[in-house]
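Worksheet: the structure to be examined is printed underneath.
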Amino acid sequence: MSDVKNKKRICTGIQKLDRLFGGFPLGKTILVTGAPGSGKTIFGLQFANACCREGLKTVHLATEEGPEDLEAQAMSFGWDFAKHIKNGAFKIIALSTKRTDEIEAAVSINISPLKGNFDDLMRVIPEGTEVLVIDSLGSHSLGLSTREFKDRLDLLVQNLNKRKITTMLILDSATSDRFNNLALFSVYGAIIVSKRENPYTGYRERVMDIVKMRNTDTPIQLLTFVITKEGIVINETDADFKKI
């Protein structure tokens with residue numbers, strides 16, 4: 001096991017991505033956004049699995065999927081989260097049921113559902129957490145104005161930084177677009193995953209755009225990637241591109 005805690009970087013879980021810029025900055029918040037089916041959740045699970053293997057106490061806040069679904073999806077790639085949970089390296093906290101109950105209660109008495117609130121996210125994070133994945137923030141952004149979203153996100157990121165938690169914050173593209181990509185300005189780094197049609201082959205492909213990573217030498221070109229039985233893999237030709 002490498003001595004991650006004495007480094008300023010933490011593995012992303014994607015080998016060629018780590019080779020390009022050395023991993024995520026330790027104790028910072030990284031935003032991952034993209035459309036449905038682009039690979040956001042897989043990226044989050046792959047990152048969490050790599051951190052567990054490094055011996056880092058990792059927590060996954062699930063706001064949309066249940067623990068059983070996430071564990072099954074992870075196992076399809078060979079990531080045994082049941083083992084990580086058993087040895088205390090990993091914990092899934094499901095917030096999807098709580099949010100659903102709030103909405104159903106509001107509807108039952110004919111009032112608008114409560115506005116999204118990020119406060120409960122910080123309250124449920126166990127002491128000693130070193131790595132956090134939030135998948136996703138979209139369901140906690142309902143009904144917020146642009147100003148409310150920005151203020152609450154800034155506070156969330158500040159609190160995570162104070163606790164020195166390396167965080168992958170996943171946000172759907174619809175929510176990101178709705179708030180004019182304000183989230184990009186609040187976080188330390190940002191990655192967009194998407195699908196596009198290759199103009200040369202005519203086939204659709206997945207691409208990753210490292211929009212920003214402060215104090216990091218990152219590639220400016222889009223990186224094409226595939227989802228294999230072992231998770232996300234950056235195409236070798238892209239991974240060999242020079243950085244600037």
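Just remember, in the structure tokens the first chain shown is A, the second B, etc., residues are 1-based per chain, and ligands are 1-based in the order shown.
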Practice item. Might you pull out every residue within 9 Å of stretch 29-37 of chain A, with only C-alpha atoms counted and same-chain residues fewer than 2 positions away left off, and present them as a ChimeraX atom specification? Key: /A:24-27,39-41,43-44,157,160-161,165-174,176,183-184,186-195,213
Quick one: write out the picked residues with C-alpha atoms as a PDB file, in the first residue's frame?
```
ATOM      1  CA  PHE A  24      -6.785  14.547  -7.371  1.00  0.00           C
ATOM      2  CA  PRO A  25      -5.432  17.216  -4.998  1.00  0.00           C
ATOM      3  CA  LEU A  26      -5.700  15.906  -1.448  1.00  0.00           C
ATOM      4  CA  GLY A  27      -8.438  17.451   0.682  1.00  0.00           C
ATOM      5  CA  GLY A  39     -20.275   7.350 -16.801  1.00  0.00           C
ATOM      6  CA  LYS A  40     -20.546   9.653 -13.750  1.00  0.00           C
ATOM      7  CA  THR A  41     -21.671   7.034 -11.238  1.00  0.00           C
ATOM      8  CA  PHE A  43     -16.406   7.098 -12.112  1.00  0.00           C
ATOM      9  CA  GLY A  44     -17.533   7.713  -8.535  1.00  0.00           C
ATOM     10  CA  VAL A 157     -17.220  23.125  -0.209  1.00  0.00           C
ATOM     11  CA  LEU A 160     -15.514  19.886   3.349  1.00  0.00           C
ATOM     12  CA  ASN A 161     -12.193  21.695   2.961  1.00  0.00           C
ATOM     13  CA  ILE A 165     -12.057  15.557   2.974  1.00  0.00           C
ATOM     14  CA  THR A 166     -11.138  14.752  -0.618  1.00  0.00           C
ATOM     15  CA  THR A 167     -14.528  14.911  -2.331  1.00  0.00           C
ATOM     16  CA  MET A 168     -15.940  13.901  -5.692  1.00  0.00           C
ATOM     17  CA  LEU A 169     -19.125  15.904  -6.122  1.00  0.00           C
ATOM     18  CA  ILE A 170     -21.319  14.513  -8.902  1.00  0.00           C
ATOM     19  CA  LEU A 171     -23.860  16.770 -10.590  1.00  0.00           C
ATOM     20  CA  ASP A 172     -26.153  16.025 -13.511  1.00  0.00           C
ATOM     21  CA  SER A 173     -25.781  18.237 -16.573  1.00  0.00           C
ATOM     22  CA  ALA A 174     -29.362  19.538 -16.324  1.00  0.00           C
ATOM     23  CA  SER A 176     -25.364  22.358 -13.905  1.00  0.00           C
ATOM     24  CA  ALA A 183     -20.671  25.021  -9.629  1.00  0.00           C
ATOM     25  CA  LEU A 184     -17.518  25.216 -11.744  1.00  0.00           C
ATOM     26  CA  SER A 186     -16.951  26.872  -6.387  1.00  0.00           C
ATOM     27  CA  VAL A 187     -14.804  23.754  -6.701  1.00  0.00           C
ATOM     28  CA  TYR A 188     -11.080  23.103  -6.932  1.00  0.00           C
ATOM     29  CA  GLY A 189     -11.355  20.955 -10.032  1.00  0.00           C
ATOM     30  CA  ALA A 190     -14.006  20.057 -12.596  1.00  0.00           C
ATOM     31  CA  ILE A 191     -14.428  17.221 -15.086  1.00  0.00           C
ATOM     32  CA  ILE A 192     -17.200  16.871 -17.666  1.00  0.00           C
ATOM     33  CA  VAL A 193     -18.013  13.431 -19.085  1.00  0.00           C
ATOM     34  CA  SER A 194     -20.222  13.202 -22.146  1.00  0.00           C
ATOM     35  CA  LYS A 195     -21.092  11.266 -25.283  1.00  0.00           C
ATOM     36  CA  MET A 213      -7.682  21.450 -11.845  1.00  0.00           C
TER      37      MET A 213
END
```
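A straight line drawn from atom CA of A:Lys57 to atom CA of A:Thr129 is 5.4 Å long.
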Which polymer residues have any atom within 12 Å of an atom of A:Asp120, counting only C-alpha atoms, with same-chain residues fewer than 3 positions away left out, as a short mmCIF file (atom, residue, chain, number, x, y, z; two decimals) with N, CA and C atoms, in the first residue's frame?
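And here's around26.cif as it stands now:
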```
data_model
loop_
_atom_site.label_atom_id
_atom_site.label_comp_id
_atom_site.auth_asym_id
_atom_site.auth_seq_id
_atom_site.Cartn_x
_atom_site.Cartn_y
_atom_site.Cartn_z
N LEU A 61 -22.22 9.09 -0.33
CA LEU A 61 -23.56 9.61 -0.05
C LEU A 61 -24.41 9.41 -1.30
N THR A 63 -27.81 9.86 -3.10
CA THR A 63 -29.06 10.63 -3.02
C THR A 63 -30.11 10.12 -3.99
N ILE A 93 -24.14 5.76 2.62
CA ILE A 93 -25.23 6.42 3.34
C ILE A 93 -26.29 6.82 2.32
N ALA A 94 -27.45 6.21 2.42
CA ALA A 94 -28.53 6.45 1.45
C ALA A 94 -29.42 7.59 1.92
N LEU A 95 -29.47 8.66 1.12
CA LEU A 95 -30.33 9.79 1.43
C LEU A 95 -31.54 9.87 0.50
N LYS A 98 -34.95 9.43 2.31
CA LYS A 98 -35.30 10.60 3.12
C LYS A 98 -35.89 11.70 2.25
N ARG A 99 -35.28 11.97 1.11
CA ARG A 99 -35.77 13.03 0.22
C ARG A 99 -37.12 12.66 -0.36
N GLY A 116 -34.30 22.39 -1.75
CA GLY A 116 -33.12 21.60 -1.51
C GLY A 116 -32.27 22.20 -0.39
N ASN A 117 -31.62 21.33 0.36
CA ASN A 117 -30.82 21.79 1.49
C ASN A 117 -29.56 20.94 1.57
N ARG A 123 -24.08 16.87 8.00
CA ARG A 123 -24.41 16.27 9.28
C ARG A 123 -24.23 14.76 9.29
N VAL A 124 -24.41 14.11 8.15
CA VAL A 124 -24.37 12.64 8.15
C VAL A 124 -22.98 12.09 7.85
N ILE A 125 -22.02 12.95 7.53
CA ILE A 125 -20.67 12.46 7.22
C ILE A 125 -19.97 12.08 8.52
N LEU A 137 -25.78 15.78 -6.40
CA LEU A 137 -26.28 16.96 -5.70
C LEU A 137 -27.57 17.49 -6.32
N HIS A 140 -30.82 17.58 -4.35
CA HIS A 140 -30.80 18.51 -3.22
C HIS A 140 -30.79 19.97 -3.68
N ARG A 152 -25.10 28.04 -0.98
CA ARG A 152 -25.10 26.77 -0.27
C ARG A 152 -23.96 25.87 -0.74
N LEU A 156 -20.87 24.43 1.50
CA LEU A 156 -20.60 23.00 1.53
C LEU A 156 -19.13 22.72 1.24
#
```
Practice item. DSSP on the backbone, then: every residue of stretch 130-182 of chain A marked helix (DSSP H, G or I), written as an NGL selection string. Key: :A and (138-140 or 146-162 or 173-178)
Using N, CA and C atoms, can you write the selected residues to a file as a CSV table (one decimal), in the first residue's frame?
```csv
chain,number,residue,atom,x,y,z
A,138,GLY,N,-27.9,17.0,-7.5
A,138,GLY,CA,-29.1,17.5,-8.2
A,138,GLY,C,-30.4,17.4,-7.4
A,139,SER,N,-30.6,16.3,-6.8
A,139,SER,CA,-31.9,16.1,-6.0
A,139,SER,C,-32.0,17.1,-4.8
A,140,HIS,N,-30.8,17.6,-4.4
A,140,HIS,CA,-30.8,18.5,-3.2
A,140,HIS,C,-30.8,20.0,-3.7
A,146,THR,N,-30.7,30.8,-8.2
A,146,THR,CA,-29.3,30.8,-8.5
A,146,THR,C,-28.4,31.2,-7.3
A,147,ARG,N,-28.8,32.3,-6.6
A,147,ARG,CA,-28.1,32.8,-5.5
A,147,ARG,C,-28.0,31.8,-4.4
A,148,GLU,N,-29.2,31.1,-4.1
A,148,GLU,CA,-29.3,30.2,-3.0
A,148,GLU,C,-28.4,29.0,-3.3
A,149,PHE,N,-28.4,28.5,-4.6
A,149,PHE,CA,-27.5,27.4,-4.9
A,149,PHE,C,-26.1,27.7,-4.7
A,150,LYS,N,-25.7,28.9,-5.2
A,150,LYS,CA,-24.2,29.3,-5.1
A,150,LYS,C,-23.8,29.4,-3.7
A,151,ASP,N,-24.6,30.1,-2.9
A,151,ASP,CA,-24.3,30.3,-1.5
A,151,ASP,C,-24.1,28.9,-0.7
A,152,ARG,N,-25.1,28.0,-1.0
A,152,ARG,CA,-25.1,26.8,-0.3
A,152,ARG,C,-24.0,25.9,-0.7
A,153,LEU,N,-23.7,25.9,-2.0
A,153,LEU,CA,-22.6,25.1,-2.5
A,153,LEU,C,-21.2,25.6,-2.0
A,154,ASP,N,-21.1,26.9,-2.0
A,154,ASP,CA,-19.8,27.5,-1.5
A,154,ASP,C,-19.6,27.1,0.0
A,155,LEU,N,-20.7,27.1,0.8
A,155,LEU,CA,-20.6,26.7,2.2
A,155,LEU,C,-20.2,25.3,2.3
A,156,LEU,N,-20.9,24.4,1.5
A,156,LEU,CA,-20.6,23.0,1.5
A,156,LEU,C,-19.1,22.7,1.2
A,157,VAL,N,-18.6,23.3,0.2
A,157,VAL,CA,-17.2,23.1,-0.2
A,157,VAL,C,-16.3,23.6,0.9
A,158,GLN,N,-16.6,24.8,1.5
A,158,GLN,CA,-15.7,25.3,2.6
A,158,GLN,C,-15.7,24.3,3.7
A,159,ASN,N,-16.9,23.8,4.1
A,159,ASN,CA,-16.9,22.9,5.2
A,159,ASN,C,-16.2,21.6,5.0
A,160,LEU,N,-16.3,21.1,3.7
A,160,LEU,CA,-15.5,19.9,3.3
A,160,LEU,C,-14.0,20.2,3.4
A,161,ASN,N,-13.6,21.3,2.9
A,161,ASN,CA,-12.2,21.7,3.0
A,161,ASN,C,-11.7,21.8,4.4
A,162,LYS,N,-12.5,22.3,5.3
A,162,LYS,CA,-12.1,22.5,6.7
A,162,LYS,C,-11.8,21.1,7.3
A,173,SER,N,-26.0,17.1,-15.7
A,173,SER,CA,-25.8,18.2,-16.6
A,173,SER,C,-27.0,19.2,-16.6
A,174,ALA,N,-28.2,18.7,-16.3
A,174,ALA,CA,-29.4,19.5,-16.3
A,174,ALA,C,-29.3,20.5,-15.2
A,175,THR,N,-28.9,20.1,-14.0
A,175,THR,CA,-28.7,21.0,-12.9
A,175,THR,C,-27.6,22.0,-13.1
A,176,SER,N,-26.5,21.5,-13.6
A,176,SER,CA,-25.4,22.4,-13.9
A,176,SER,C,-25.8,23.5,-14.9
A,177,ASP,N,-26.5,23.1,-15.9
A,177,ASP,CA,-26.9,24.1,-16.9
A,177,ASP,C,-27.9,25.1,-16.3
A,178,ARG,N,-28.8,24.5,-15.5
A,178,ARG,CA,-29.8,25.4,-14.9
A,178,ARG,C,-29.2,26.5,-14.0
```
Exercise for review: Compile the contact shell of A:Met75 as a count of residues only: residues with an atom at most 12 Å away, counting only C-alpha atoms, same-chain residues fewer than 4 positions apart removed.
Suggested key: 17
Practice item. Run DSSP on the backbone and grab whatever in stretch 133-177 of chain A lands in strand (DSSP E or B); send it over as a list in words. Key: Val133, Ile134, Asp135, Thr166, Thr167, Met168, Leu169, Ile170, Leu171 and Asp172 of chain A
Check your understanding: Between A:Leu144, A:Phe47, A:Phe185, A:Lys91, which one has atoms that come closest to A:Arg214, using only C-alpha atoms?
Key ->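 Closest to A:Arg214 of all the choices is A:Phe185.
Counting from atom CA of A:Asn181, the distance to atom CA of A:Thr12 is 22.9 Å.
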Exercise for review: Have a look at A:Gly23, A:Lys28, A:Asp119, A:Val133 and name the one nearest to A:Val59; count only C-alpha atoms.
Suggested key: A:Val133
Check your understanding: Which is closest to A:Phe21 among A:Ile227, A:Ala62, A:Leu56, A:Ile210, if we use only C-alpha atoms?
Key ->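 For A:Phe21, the nearest of the candidates is A:Ile210.
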**Study point:** Between atom CA of A:Gly66 and atom CA of A:Val207, distance in Å (one decimal)
**Key:**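 That distance, rounded to one decimal, is 27.3 Å.
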Review point. Counting only C-alpha atoms, which of A:His60, A:Arg9, A:Lys16, A:Arg53 gets nearest to A:Asp135?
Key: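 Nearest candidate to A:Asp135 out of A:His60, A:Arg9, A:Lys16, A:Arg53: A:His60.
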Exercise for review: Give the answer as one residue: which of A:Gly78, A:Ser136, A:Asn235, A:Arg163 has the shortest atom-to-atom distance to A:Met122, using only C-alpha atoms?
Suggested key: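 The closest residue to A:Met122 is A:Arg163.
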Exercise for review: Would you kindly return, as a PyMOL selection string, each protein, DNA or RNA residue with an atom no farther than 12 Å from any atom of A:Ile234, considering only C-alpha atoms and excluding same-chain residues fewer than 6 positions away?
Suggested key: chain A and resi 13-20+43+193+205-209+222-228+240-241
